[in-house]
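*Asks:* Input file: start_11.txt. Contents: compact mmCIF, C-alpha atoms and all ligand atoms.
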```txt
# COMPACT_ATOMS: atom_id res chain seq x y z
CA MET U 1 -6.59 15.95 18.91
CA PRO U 2 -3.85 14.88 16.47
CA GLN U 3 -3.13 11.17 16.85
CA GLN U 4 0.12 9.22 16.73
CA VAL U 5 0.18 5.92 14.84
CA GLN U 6 2.72 3.64 13.18
CA GLY U 7 3.36 3.98 9.45
CA VAL U 8 5.85 2.82 6.79
CA VAL U 9 8.05 5.68 5.66
CA ALA U 10 10.50 5.79 2.74
CA PRO U 11 13.07 8.31 4.07
CA GLY U 12 15.17 8.85 0.95
CA LYS U 13 16.06 7.52 -2.49
CA ASN U 14 16.66 3.76 -2.36
CA GLU U 15 16.93 3.77 1.43
CA PRO U 16 15.19 0.89 3.19
CA VAL U 17 11.71 1.74 4.45
CA ARG U 18 11.16 2.19 8.20
CA VAL U 19 8.20 1.85 10.51
CA GLU U 20 7.91 5.27 12.16
CA THR U 21 5.54 7.10 14.44
CA ILE U 22 3.50 9.52 12.37
CA VAL U 23 1.08 12.25 13.35
CA ILE U 24 -2.43 12.34 11.88
CA PRO U 25 -4.31 15.64 12.20
CA ASP U 26 -8.03 15.74 12.86
CA PRO U 27 -9.95 15.82 9.59
CA GLY U 28 -10.52 19.30 8.17
CA PRO U 29 -13.35 20.31 5.84
CA GLY U 30 -13.93 17.60 3.23
CA GLU U 31 -11.45 15.23 4.86
CA ALA U 32 -11.71 11.86 6.62
CA VAL U 33 -9.49 9.85 8.94
CA VAL U 34 -9.64 6.15 8.07
CA LYS U 35 -8.60 3.28 10.32
CA VAL U 36 -6.77 1.13 7.78
CA GLN U 37 -7.55 -2.60 7.94
CA ALA U 38 -5.58 -3.83 4.92
CA CYS U 39 -3.25 -2.37 2.28
CA GLY U 40 -1.70 -4.18 -0.66
CA VAL U 41 1.93 -3.74 -1.75
CA CYS U 42 2.06 -2.31 -5.30
CA HIS U 43 4.96 -1.69 -7.70
CA THR U 44 4.18 2.00 -7.46
CA ASP U 45 5.14 1.97 -3.77
CA LEU U 46 8.49 0.50 -4.76
CA HIS U 47 8.87 3.17 -7.46
CA TYR U 48 8.27 5.88 -4.85
CA LYS U 49 10.95 4.38 -2.63
CA GLN U 50 13.38 4.23 -5.56
CA GLY U 51 12.76 7.88 -6.38
CA GLY U 52 11.15 6.92 -9.69
CA ILE U 53 7.99 9.01 -9.22
CA ASN U 54 9.33 12.23 -7.69
CA ASP U 55 11.81 13.33 -5.04
CA GLU U 56 9.37 14.60 -2.43
CA PHE U 57 10.80 12.40 0.34
CA PRO U 58 9.90 11.31 2.96
CA PHE U 59 6.98 9.30 1.59
CA LEU U 60 4.31 7.58 3.58
CA LEU U 61 3.83 4.51 1.39
CA GLY U 62 0.77 2.36 0.64
CA HIS U 63 -2.32 3.08 -1.44
CA GLU U 64 -4.33 -0.11 -2.10
CA ALA U 65 -6.40 -0.03 1.01
CA ALA U 66 -9.67 -0.64 2.78
CA GLY U 67 -10.72 0.33 6.27
CA ILE U 68 -13.26 1.96 8.53
CA VAL U 69 -13.96 5.69 8.55
CA GLU U 70 -13.09 6.94 12.03
CA SER U 71 -13.98 10.61 11.77
CA VAL U 72 -14.96 13.14 9.12
CA GLY U 73 -14.52 16.90 8.77
CA ALA U 74 -17.04 19.59 8.06
CA GLY U 75 -19.23 19.21 5.00
CA VAL U 76 -18.66 15.49 4.50
CA THR U 77 -21.94 13.78 3.65
CA ASP U 78 -21.13 10.76 1.47
CA VAL U 79 -19.39 8.78 4.20
CA ALA U 80 -19.74 8.69 7.98
CA PRO U 81 -17.81 7.24 10.92
CA GLY U 82 -18.18 3.44 10.97
CA ASP U 83 -18.49 3.06 7.19
CA PHE U 84 -16.38 0.35 5.57
CA VAL U 85 -14.63 1.97 2.61
CA ILE U 86 -12.16 1.31 -0.18
CA LEU U 87 -9.71 4.16 -0.79
CA ASN U 88 -9.05 5.47 -4.29
CA TRP U 89 -6.45 7.85 -5.71
CA ARG U 90 -8.74 9.56 -8.17
CA ALA U 91 -11.29 11.60 -6.23
CA VAL U 92 -12.52 13.58 -9.21
CA CYS U 93 -13.46 17.24 -9.04
CA GLY U 94 -16.76 17.22 -10.89
CA GLN U 95 -15.97 20.69 -12.29
CA CYS U 96 -13.28 20.36 -14.94
CA ARG U 97 -13.88 19.89 -18.64
CA ALA U 98 -13.38 16.10 -18.47
CA CYS U 99 -15.81 15.78 -15.57
CA ARG U 100 -18.38 17.98 -17.26
CA ARG U 101 -18.10 15.99 -20.48
CA GLY U 102 -18.99 12.84 -18.53
CA ARG U 103 -15.47 11.41 -18.67
CA PRO U 104 -14.32 11.94 -15.12
CA TRP U 105 -11.68 9.22 -15.41
CA TYR U 106 -9.70 11.85 -17.34
CA CYS U 107 -10.15 14.45 -14.55
CA PHE U 108 -6.90 16.38 -14.05
CA ASN U 109 -8.01 18.04 -10.86
CA THR U 110 -8.32 15.14 -8.40
CA HIS U 111 -8.74 15.84 -4.69
CA ASN U 112 -6.48 14.85 -1.81
CA ALA U 113 -6.46 15.89 1.85
CA GLN U 114 -5.31 19.49 2.28
CA GLN U 115 -3.63 18.96 5.64
CA LYS U 116 -0.36 17.10 5.95
CA MET U 117 0.50 14.06 8.01
CA THR U 118 3.92 14.49 9.63
CA LEU U 119 6.73 12.77 11.45
CA LEU U 120 7.04 13.48 15.19
CA ASP U 121 9.49 16.33 14.48
CA GLY U 122 6.97 18.04 12.21
CA THR U 123 8.52 16.94 8.88
CA GLU U 124 5.69 16.79 6.35
CA LEU U 125 5.07 13.42 4.71
CA SER U 126 4.14 12.91 1.06
CA PRO U 127 1.50 10.19 1.01
CA ALA U 128 1.88 7.76 -1.89
CA LEU U 129 -0.75 8.61 -4.52
CA GLY U 130 -2.29 10.96 -2.00
CA ILE U 131 -3.22 8.07 0.30
CA GLY U 132 -0.37 6.71 2.50
CA ALA U 133 -2.09 3.63 3.90
CA PHE U 134 0.77 1.50 5.21
CA ALA U 135 -0.29 3.06 8.48
CA GLU U 136 -2.74 2.24 11.23
CA LYS U 137 -4.69 5.35 10.26
CA THR U 138 -4.48 7.80 7.39
CA LEU U 139 -5.92 11.17 6.41
CA VAL U 140 -7.58 11.42 2.99
CA HIS U 141 -10.12 13.50 1.09
CA ALA U 142 -13.62 12.11 1.72
CA GLY U 143 -14.01 11.68 -2.05
CA GLN U 144 -11.25 9.09 -1.84
CA CYS U 145 -13.53 6.86 0.24
CA THR U 146 -16.11 4.57 -1.36
CA LYS U 147 -18.52 2.66 0.84
CA VAL U 148 -18.90 -1.04 0.01
CA ASP U 149 -20.53 -4.17 1.51
CA PRO U 150 -18.79 -4.53 4.91
CA SER U 151 -18.97 -8.33 4.90
CA VAL U 152 -16.08 -8.65 2.43
CA ALA U 153 -12.60 -9.25 3.87
CA PRO U 154 -10.56 -6.00 3.92
CA GLU U 155 -7.52 -7.61 2.28
CA ILE U 156 -9.77 -8.45 -0.69
CA ALA U 157 -11.63 -5.14 -0.81
CA GLY U 158 -8.43 -3.09 -0.75
CA LEU U 159 -7.25 -4.69 -3.99
CA LEU U 160 -9.73 -2.58 -5.92
CA GLY U 161 -7.82 0.49 -4.78
CA CYS U 162 -5.28 0.05 -7.59
CA GLY U 163 -3.90 -2.83 -9.67
CA VAL U 164 -6.84 -5.21 -9.72
CA MET U 165 -9.26 -2.41 -10.58
CA ALA U 166 -6.85 -1.21 -13.27
CA GLY U 167 -6.87 -4.66 -14.92
CA ILE U 168 -10.58 -5.41 -14.61
CA GLY U 169 -11.39 -1.89 -15.76
CA ALA U 170 -9.03 -2.17 -18.74
CA ALA U 171 -11.26 -5.01 -19.95
CA ILE U 172 -14.77 -3.91 -18.97
CA ASN U 173 -14.44 -0.11 -19.14
CA THR U 174 -11.68 0.83 -21.58
CA GLY U 175 -11.78 -2.23 -23.83
CA ASN U 176 -15.54 -2.61 -23.56
CA VAL U 177 -15.09 -6.37 -23.95
CA GLY U 178 -18.37 -7.94 -24.98
CA ARG U 179 -20.03 -11.34 -25.04
CA GLY U 180 -18.30 -13.64 -27.51
CA ASP U 181 -15.25 -11.42 -28.04
CA SER U 182 -11.73 -12.74 -28.35
CA VAL U 183 -9.28 -11.09 -25.97
CA ALA U 184 -5.51 -11.33 -25.71
CA VAL U 185 -3.78 -10.20 -22.52
CA ILE U 186 -0.05 -9.52 -22.84
CA GLY U 187 1.70 -9.70 -19.45
CA CYS U 188 0.01 -11.70 -16.73
CA GLY U 189 1.03 -10.15 -13.44
CA GLY U 190 -1.64 -8.83 -11.09
CA VAL U 191 -2.89 -6.29 -13.62
CA GLY U 192 -2.97 -8.71 -16.57
CA ASP U 193 -4.65 -11.44 -14.53
CA ALA U 194 -7.26 -8.92 -13.45
CA ALA U 195 -7.83 -8.14 -17.13
CA VAL U 196 -8.39 -11.87 -17.65
CA VAL U 197 -10.95 -11.87 -14.83
CA GLY U 198 -12.67 -8.80 -16.29
CA SER U 199 -12.76 -10.33 -19.78
CA ARG U 200 -14.30 -13.52 -18.46
CA LEU U 201 -16.86 -11.52 -16.50
CA ALA U 202 -17.75 -9.62 -19.67
CA GLY U 203 -18.41 -12.87 -21.54
CA ALA U 204 -15.33 -13.14 -23.75
CA ALA U 205 -15.34 -16.44 -25.62
CA ARG U 206 -11.59 -16.74 -25.97
CA ILE U 207 -9.03 -15.29 -23.59
CA ILE U 208 -5.43 -15.70 -24.69
CA ALA U 209 -2.84 -15.08 -21.99
CA VAL U 210 0.69 -14.13 -23.09
CA ASP U 211 3.71 -14.02 -20.80
CA ILE U 212 7.38 -15.00 -20.75
CA ASP U 213 6.99 -17.00 -17.53
CA ASP U 214 5.18 -20.37 -17.50
CA ARG U 215 4.21 -19.95 -13.83
CA LYS U 216 2.36 -16.74 -14.72
CA LEU U 217 0.63 -18.52 -17.58
CA ALA U 218 -0.51 -21.33 -15.29
CA LYS U 219 -1.94 -18.77 -12.90
CA ALA U 220 -3.67 -16.90 -15.74
CA LYS U 221 -5.35 -20.14 -16.73
CA GLU U 222 -6.68 -20.55 -13.20
CA MET U 223 -8.04 -17.01 -13.48
CA GLY U 224 -9.97 -17.81 -16.66
CA ALA U 225 -7.60 -17.73 -19.64
CA THR U 226 -8.66 -20.26 -22.28
CA HIS U 227 -5.30 -20.34 -24.09
CA THR U 228 -1.73 -19.46 -23.16
CA VAL U 229 1.27 -18.38 -25.21
CA ASN U 230 4.83 -18.21 -23.92
CA SER U 231 6.32 -15.37 -25.94
CA ARG U 232 9.87 -16.57 -25.25
CA THR U 233 9.21 -19.68 -27.30
CA ALA U 234 6.51 -18.55 -29.77
CA ASP U 235 5.82 -15.35 -31.72
CA PRO U 236 2.84 -13.98 -29.78
CA VAL U 237 1.39 -12.05 -32.73
CA GLU U 238 1.38 -15.16 -34.91
CA ALA U 239 0.00 -17.28 -32.10
CA ILE U 240 -2.83 -14.83 -31.35
CA ARG U 241 -3.75 -14.62 -35.03
CA GLU U 242 -3.79 -18.43 -35.29
CA LEU U 243 -6.07 -18.66 -32.29
CA THR U 244 -8.48 -16.10 -33.74
CA GLY U 245 -9.08 -17.51 -37.21
CA GLY U 246 -6.24 -15.44 -38.69
CA PHE U 247 -7.80 -12.09 -37.73
CA GLY U 248 -6.26 -11.06 -34.44
CA ALA U 249 -8.09 -10.47 -31.17
CA ASP U 250 -11.09 -8.17 -30.82
CA VAL U 251 -9.44 -6.64 -27.76
CA VAL U 252 -5.73 -6.80 -26.93
CA ILE U 253 -4.76 -5.65 -23.44
CA GLU U 254 -1.12 -4.72 -22.86
CA ALA U 255 -0.19 -5.03 -19.18
CA VAL U 256 3.62 -4.88 -19.25
CA GLY U 257 4.59 -1.35 -20.33
CA ARG U 258 7.48 -2.04 -22.73
CA PRO U 259 8.06 -1.09 -26.40
CA GLU U 260 8.14 -4.68 -27.65
CA THR U 261 4.87 -5.58 -25.97
CA TYR U 262 3.23 -2.33 -27.13
CA GLU U 263 4.23 -3.32 -30.64
CA GLN U 264 2.93 -6.86 -30.21
CA ALA U 265 -0.37 -5.48 -28.93
CA PHE U 266 -0.61 -3.16 -31.94
CA TYR U 267 -0.21 -6.01 -34.43
CA ALA U 268 -2.15 -8.69 -32.55
CA ARG U 269 -5.50 -6.96 -32.81
CA ASP U 270 -8.16 -7.55 -35.41
CA LEU U 271 -8.22 -4.71 -37.93
CA ALA U 272 -11.41 -3.42 -36.33
CA GLY U 273 -10.29 -4.32 -32.84
CA THR U 274 -9.20 -2.31 -29.82
CA VAL U 275 -5.80 -2.13 -28.16
CA VAL U 276 -5.89 -1.21 -24.49
CA LEU U 277 -2.61 0.01 -23.00
CA VAL U 278 -2.61 -0.40 -19.23
CA GLY U 279 1.10 -1.17 -18.73
CA VAL U 280 2.93 2.04 -17.82
CA PRO U 281 6.17 2.73 -19.75
CA THR U 282 9.11 4.78 -18.44
CA PRO U 283 9.83 8.25 -19.86
CA GLU U 284 12.72 7.24 -22.10
CA MET U 285 10.86 4.43 -23.93
CA LYS U 286 9.96 4.93 -27.58
CA LEU U 287 7.96 2.97 -30.14
CA GLU U 288 8.65 3.18 -33.86
CA LEU U 289 5.96 1.99 -36.27
CA PRO U 290 5.55 2.25 -40.05
CA LEU U 291 3.03 5.03 -40.57
CA LEU U 292 1.33 2.96 -43.21
CA ASP U 293 0.54 0.37 -40.56
CA VAL U 294 -0.79 3.04 -38.22
CA PHE U 295 -2.96 4.35 -41.03
CA GLY U 296 -3.89 0.97 -42.42
CA ARG U 297 -5.09 -0.62 -39.21
CA GLY U 298 -8.46 0.71 -38.08
CA GLY U 299 -9.95 0.03 -34.71
CA ALA U 300 -8.84 1.89 -31.64
CA LEU U 301 -5.70 2.46 -29.63
CA LYS U 302 -6.61 3.44 -26.08
CA SER U 303 -4.77 3.88 -22.84
CA SER U 304 -6.49 2.96 -19.62
CA TRP U 305 -6.08 5.15 -16.54
CA TYR U 306 -6.78 3.21 -13.38
CA GLY U 307 -9.08 1.04 -15.50
CA ASP U 308 -11.06 4.18 -16.41
CA CYS U 309 -12.98 3.35 -13.26
CA LEU U 310 -15.59 5.30 -11.40
CA PRO U 311 -15.09 4.17 -7.83
CA SER U 312 -18.66 4.86 -6.75
CA ARG U 313 -20.00 2.79 -9.64
CA ASP U 314 -17.37 0.06 -9.96
CA PHE U 315 -16.20 -0.74 -6.41
CA PRO U 316 -19.61 -1.71 -4.96
CA MET U 317 -20.49 -3.65 -8.12
CA LEU U 318 -17.26 -5.69 -8.13
CA ILE U 319 -17.50 -6.37 -4.39
CA ASP U 320 -21.07 -7.62 -4.89
CA LEU U 321 -19.95 -9.88 -7.75
CA HIS U 322 -17.17 -11.21 -5.56
CA GLN U 323 -19.56 -11.88 -2.70
CA GLN U 324 -21.84 -13.73 -5.10
CA GLY U 325 -18.95 -15.95 -6.25
CA ARG U 326 -19.01 -14.61 -9.80
CA ILE U 327 -15.45 -13.33 -9.62
CA ASP U 328 -12.78 -14.46 -7.17
CA LEU U 329 -10.80 -11.46 -5.99
CA GLY U 330 -9.31 -13.59 -3.23
CA ALA U 331 -7.17 -15.32 -5.85
CA PHE U 332 -5.03 -12.16 -6.06
CA VAL U 333 -3.99 -12.28 -2.41
CA THR U 334 -0.81 -14.34 -2.27
CA GLU U 335 0.04 -13.60 1.37
CA THR U 336 -0.94 -11.38 4.25
CA ILE U 337 1.92 -9.69 6.11
CA GLY U 338 2.58 -7.24 8.93
CA LEU U 339 3.50 -3.57 8.77
CA GLY U 340 7.17 -4.43 9.35
CA ASP U 341 7.33 -6.73 6.31
CA VAL U 342 6.92 -4.23 3.48
CA GLU U 343 10.63 -4.24 2.58
CA LYS U 344 10.55 -8.05 2.37
CA ALA U 345 7.43 -7.85 0.19
CA PHE U 346 9.29 -5.50 -2.20
CA ALA U 347 12.02 -8.11 -2.54
CA ARG U 348 9.49 -10.87 -3.18
CA MET U 349 7.88 -8.93 -6.05
CA HIS U 350 10.67 -10.05 -8.32
CA GLU U 351 10.34 -13.72 -7.43
CA GLY U 352 7.50 -14.26 -9.84
CA ASP U 353 5.03 -16.17 -7.69
CA VAL U 354 3.51 -13.20 -5.86
CA LEU U 355 0.47 -11.39 -7.20
CA ARG U 356 -0.20 -9.34 -4.09
CA SER U 357 1.26 -9.22 -0.59
CA VAL U 358 -1.24 -7.43 1.62
CA VAL U 359 -0.47 -5.76 4.95
CA VAL U 360 -3.23 -6.49 7.45
CA PHE U 361 -3.74 -4.65 10.73
N1 LIG K 401 6.23 -10.25 -22.76
C1 LIG K 401 5.20 -10.75 -22.04
N2 LIG K 401 5.13 -10.65 -20.71
C2 LIG K 401 6.12 -10.01 -20.09
C3 LIG K 401 7.21 -9.44 -20.78
C4 LIG K 401 7.25 -9.57 -22.16
N3 LIG K 401 8.25 -9.07 -22.91
N4 LIG K 401 8.03 -8.85 -19.85
C5 LIG K 401 7.45 -9.05 -18.66
N5 LIG K 401 6.31 -9.75 -18.79
C6 LIG K 401 5.37 -10.21 -17.77
C7 LIG K 401 6.02 -10.64 -16.48
O1 LIG K 401 6.45 -11.98 -16.53
C8 LIG K 401 4.87 -10.44 -15.49
O2 LIG K 401 4.06 -11.61 -15.39
O3 LIG K 401 4.56 -9.10 -17.41
C9 LIG K 401 4.06 -9.32 -16.10
C10 LIG K 401 4.16 -8.01 -15.34
O4 LIG K 401 3.59 -8.23 -14.12
P1 LIG K 401 4.00 -7.49 -12.78
O5 LIG K 401 5.44 -7.19 -12.82
O6 LIG K 401 3.44 -8.28 -11.66
O7 LIG K 401 3.23 -6.08 -12.89
P2 LIG K 401 1.72 -5.68 -12.64
O8 LIG K 401 1.51 -5.28 -11.25
O9 LIG K 401 0.80 -6.72 -13.22
O10 LIG K 401 1.63 -4.36 -13.55
C11 LIG K 401 1.85 -4.43 -14.94
O11 LIG K 401 0.59 -2.46 -15.43
O12 LIG K 401 -0.43 -0.76 -14.27
C12 LIG K 401 0.72 -1.18 -14.88
O13 LIG K 401 2.44 -0.01 -13.69
C13 LIG K 401 1.92 -1.27 -13.99
O14 LIG K 401 3.31 -1.21 -15.88
C14 LIG K 401 2.82 -2.06 -14.88
C15 LIG K 401 1.86 -3.05 -15.54
ZN ZN K 402 -12.64 16.96 -12.86
ZN ZN K 403 -0.82 0.80 -7.13
```
Re-express the file's structure as structure tokens.
*Replies:*
Amino acid sequence: MPQQVQGVVAPGKNEPVRVETIVIPDPGPGEAVVKVQACGVCHTDLHYKQGGINDEFPFLLGHEAAGIVESVGAGVTDVAPGDFVILNWRAVCGQCRACRRGRPWYCFNTHNAQQKMTLLDGTELSPALGIGAFAEKTLVHAGQCTKVDPSVAPEIAGLLGCGVMAGIGAAINTGNVGRGDSVAVIGCGGVGDAAVVGSRLAGAARIIAVDIDDRKLAKAKEMGATHTVNSRTADPVEAIRELTGGFGADVVIEAVGRPETYEQAFYARDLAGTVVLVGVPTPEMKLELPLLDVFGRGGALKSSWYGDCLPSRDFPMLIDLHQQGRIDLGAFVTETIGLGDVEKAFARMHEGDVLRSVVVF
């Protein structure tokens, strides 16, 4: 029987979001219905609402979520009703060239539920990133569910569904930060701070946090940064070089997504170092660099997609490390809110002191 639950819908470009009754079909083959317990508010949800991703309104927002599997469709074997799971937006196909080459984080054929969730009048909803978890229940592809230790709080587990995983993964997967490395993180919002946490976990000796906001720098220090640079008052490239014996950092992680910070990241790395781009630019942005510098600087320039994570490998591991006290994912939860507070949480994103507002059910 299709079920009716409450969910946060973005009805049209820049219109305020509304809590609406939505209809969840029974799971079809390969699908699962998940009772959502917590879902973080991410910039991408705001971008959907603003029409910045596509114009397939109405959207069912929310995608950083954890919950309990309620029911599964035919052929689902990896998860079962009652499992505590983190949702992910990259359920890889296992068949494409990237998957077959052992690089499934580049899979271009990711799975989502085939059936549509709808409004009461039958209007089909577009779930944000194929998830739509600002709702009491949601319908996803079973491959979007990863089982983890159920003793972790859902508002903490759900963080791995997007931004925090992107940042930690930028350090440990894409950047391959190693013991003793120097790391610079440019932009210390939720993603950058997660990169700090990942770098510390990986054994980086020096972690230099760069931001334009002193409050963000103070927070980055709490998360494990050893040095901070305010790039409004100091040249960050110079400062990073000074802090790394004149060489530049072994790994520079860009977590802003702007031309000037891409350029800083490019020049702040050691000649043999790695630049990891995790900040997402907008389509019109361009970067101009002297070709001789591009040629002359070795190392690697890499972008990081969702932290190049493999949910089935990385989610249980990071939850275990959190449970053991070796990383503190709880530090990313600034506040827990109700389903009706998403619009307020969007407004608070710009205030500067919020890493994550998380809707709890
Ligand atoms: N130099 C340094 N830091 C900057 C600059 C700049 N020129 N401009 C902005 N920042 C800082 C902000 O002060 C803030 O602390 O970058 C941080 C961005 O953080 P958030 O806005 O909280 O964004 P976050 O969720 O961390 O995501 C960062 O990663 O995955 C991507 O799409 C995401 O592009 C976004 C980026
Ligand atoms: Zn694939
Ligand atoms: Zn997100």
*Asks:* Grab me every residue within 6 Å of ligand LIG 401 (chain K), counting only C-alpha atoms and all ligand atoms, and send it over as a ChimeraX atom specification.
*Replies:* /U:186-192,210-213,216,255-257,261,278-280
*Asks:* Quick one: residues within 7 Å of U:Lys147, only C-alpha atoms, excluding same-chain residues fewer than 3 positions away - as a list in words?
*Replies:*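 Those residues are Asp83, Phe84, Val85 and Ile86 of chain U.
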*Asks:* Can you measure atom CA of U:Val140 to atom CA of U:Gly30 for me? One decimal in Å is fine.
*Replies:*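 Rounded to one decimal, the two atoms are 8.9 Å apart.
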*Asks:* Just checking: using only C-alpha atoms and all ligand atoms, which residue out of U:Gly338, U:Gly246, U:Gly298, U:Gly163 ends up closest to ligand ZN 403 (chain K)?
*Replies:*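 Result for the nearest residue to ligand ZN 403 (chain K): U:Gly163.
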*Asks:* Mind listing whatever residues come within 10 Å of the point (-4.8, -10.7, -11.3)? Use all atoms listed in the file, file coordinates, and give them as a PyMOL selection string.
*Replies:* chain U and resi 159+163-168+188-198+216+219-220+223+328-333+355-356
*Asks:* For ligand ZN 402 (chain K), list the contacting residues at 9 Å or closer, counting all atoms listed in the file, as a ChimeraX atom specification.
*Replies:* /U:91-100,103-110
*Asks:* Could you tell me how far atom CA of U:Lys137 lies from atom CA of U:Gln323, in Å and to one decimal?
*Replies:*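 Between these atoms lies a distance of 26.2 Å.
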*Asks:* From the set U:Asp293, U:Ala171, U:Gln4, U:Tyr267, which residue has the shortest atom-to-atom contact distance to U:Asp308, counting all atoms listed in the file?
*Replies:*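 Among the listed residues, the smallest separation from U:Asp308 belongs to U:Ala171.
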*Asks:* Need to verify the contact set: stretch 38-53 of chain U, 6 Å, only C-alpha atoms, exclusion of same-chain residues closer than 5 positions in sequence. Can you return it as a list in words?
*Replies:*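 Using only C-alpha atoms, the neighbours found are Ala10, Lys13, Asn14, Leu61, Glu64, Ala65, Ala66, Pro154, Glu155, Ser357, Val358, Val359 and Val360 of chain U.
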*Asks:* What would the file look like if the residues just selected were written as a PDB file, in the frame of the given file with C-alpha atoms?
*Replies:*
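Okay, again-v3.pdb is ready:
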```pdb
ATOM      1  CA  ALA U  10      10.500   5.790   2.740  1.00  0.00           C
ATOM      2  CA  LYS U  13      16.060   7.520  -2.490  1.00  0.00           C
ATOM      3  CA  ASN U  14      16.660   3.760  -2.360  1.00  0.00           C
ATOM      4  CA  LEU U  61       3.830   4.510   1.390  1.00  0.00           C
ATOM      5  CA  GLU U  64      -4.330  -0.110  -2.100  1.00  0.00           C
ATOM      6  CA  ALA U  65      -6.400  -0.030   1.010  1.00  0.00           C
ATOM      7  CA  ALA U  66      -9.670  -0.640   2.780  1.00  0.00           C
ATOM      8  CA  PRO U 154     -10.560  -6.000   3.920  1.00  0.00           C
ATOM      9  CA  GLU U 155      -7.520  -7.610   2.280  1.00  0.00           C
ATOM     10  CA  SER U 357       1.260  -9.220  -0.590  1.00  0.00           C
ATOM     11  CA  VAL U 358      -1.240  -7.430   1.620  1.00  0.00           C
ATOM     12  CA  VAL U 359      -0.470  -5.760   4.950  1.00  0.00           C
ATOM     13  CA  VAL U 360      -3.230  -6.490   7.450  1.00  0.00           C
TER      14      VAL U 360
END
```
*Asks:* Which residue is closest to U:Pro311? Choose from U:Gly75, U:Gly224, U:Gly161, U:Glu56 and count all atoms listed in the file.
*Replies:* U:Gly161
*Asks:* From the options U:Ala345, U:Val354, U:Val148, U:Ala272, which residue's atoms come nearest to U:Asp320, counting only C-alpha atoms?
*Replies:*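 The answer is U:Val148, which sits nearest to U:Asp320.
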*Asks:* Find the residue from U:Phe361, U:Trp89, U:Phe266, U:Phe247 that sits nearest to ligand ZN 403 (chain K); use only C-alpha atoms and all ligand atoms when measuring.
*Replies:* U:Trp89
*Asks:* Suppose you want the space between atom CA of U:Glu351 and atom CA of U:Glu263; what is it in Å?
*Replies:* 26.2 Å
*Asks:* Smallest atom-to-atom distance to U:Leu60: which of U:Leu125, U:Ala157, U:Ala268, U:Val19, using all atoms listed in the file?
*Replies:*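 Ranked by minimum distance to U:Leu60, first place goes to U:Leu125.
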*Asks:* Give me the residues near U:Lys35 as a PyMOL selection string, where near means some atom within 7 Å (using only C-alpha atoms) and where sequence neighbours in that chain fewer than 3 positions away do not count.
*Replies:* chain U and resi 67-70+136-138
*Asks:* Keeping C-alpha atoms, export the residues of the selection given above as a PDB file, keeping the file's coordinate frame.
*Replies:*
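Output below, filename selection-v3.pdb:
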```pdb
ATOM      1  CA  GLY U  67     -10.720   0.330   6.270  1.00  0.00           C
ATOM      2  CA  ILE U  68     -13.260   1.960   8.530  1.00  0.00           C
ATOM      3  CA  VAL U  69     -13.960   5.690   8.550  1.00  0.00           C
ATOM      4  CA  GLU U  70     -13.090   6.940  12.030  1.00  0.00           C
ATOM      5  CA  GLU U 136      -2.740   2.240  11.230  1.00  0.00           C
ATOM      6  CA  LYS U 137      -4.690   5.350  10.260  1.00  0.00           C
ATOM      7  CA  THR U 138      -4.480   7.800   7.390  1.00  0.00           C
TER       8      THR U 138
END
```
*Asks:* Around stretch 237-246 of chain U, fit a box with edges along x, y and z, padding it by 3 Å on each side, then list its centre and edge lengths in Å to one decimal as AutoDock Vina command-line options.
*Replies:*
```
--center_x -3.8 --center_y -15.4 --center_z -35.0 --size_x 16.5 --size_y 12.6 --size_z 13.3
```
*Asks:* Please fill the gaps in stretch 327-335 of chain U so it has N, CA and C atoms, and write that as an mmCIF file, in the coordinates of the input.
*Replies:*
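Okay, this is what ended up in selection.cif:
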```
data_model
loop_
_atom_site.group_PDB
_atom_site.id
_atom_site.type_symbol
_atom_site.label_atom_id
_atom_site.label_comp_id
_atom_site.auth_asym_id
_atom_site.auth_seq_id
_atom_site.Cartn_x
_atom_site.Cartn_y
_atom_site.Cartn_z
ATOM 1 N N ILE U 327 -16.885 -13.526 -9.403
ATOM 2 C CA ILE U 327 -15.450 -13.330 -9.620
ATOM 3 C C ILE U 327 -14.765 -13.678 -8.306
ATOM 4 N N ASP U 328 -13.495 -14.088 -8.395
ATOM 5 C CA ASP U 328 -12.780 -14.460 -7.170
ATOM 6 C C ASP U 328 -11.621 -13.499 -6.954
ATOM 7 N N LEU U 329 -11.881 -12.418 -6.250
ATOM 8 C CA LEU U 329 -10.800 -11.460 -5.990
ATOM 9 C C LEU U 329 -9.785 -12.027 -5.008
ATOM 10 N N GLY U 330 -10.221 -12.988 -4.208
ATOM 11 C CA GLY U 330 -9.310 -13.590 -3.230
ATOM 12 C C GLY U 330 -8.107 -14.259 -3.895
ATOM 13 N N ALA U 331 -8.265 -14.655 -5.147
ATOM 14 C CA ALA U 331 -7.170 -15.320 -5.850
ATOM 15 C C ALA U 331 -5.961 -14.410 -6.052
ATOM 16 N N PHE U 332 -6.147 -13.105 -5.884
ATOM 17 C CA PHE U 332 -5.030 -12.160 -6.060
ATOM 18 C C PHE U 332 -4.195 -11.983 -4.793
ATOM 19 N N VAL U 333 -4.722 -12.441 -3.667
ATOM 20 C CA VAL U 333 -3.990 -12.280 -2.410
ATOM 21 C C VAL U 333 -3.062 -13.473 -2.214
ATOM 22 N N THR U 334 -1.769 -13.253 -2.410
ATOM 23 C CA THR U 334 -0.810 -14.340 -2.270
ATOM 24 C C THR U 334 -0.475 -14.572 -0.800
ATOM 25 N N GLU U 335 -0.327 -13.479 -0.050
ATOM 26 C CA GLU U 335 0.040 -13.600 1.370
ATOM 27 C C GLU U 335 -0.431 -12.351 2.102
#
```
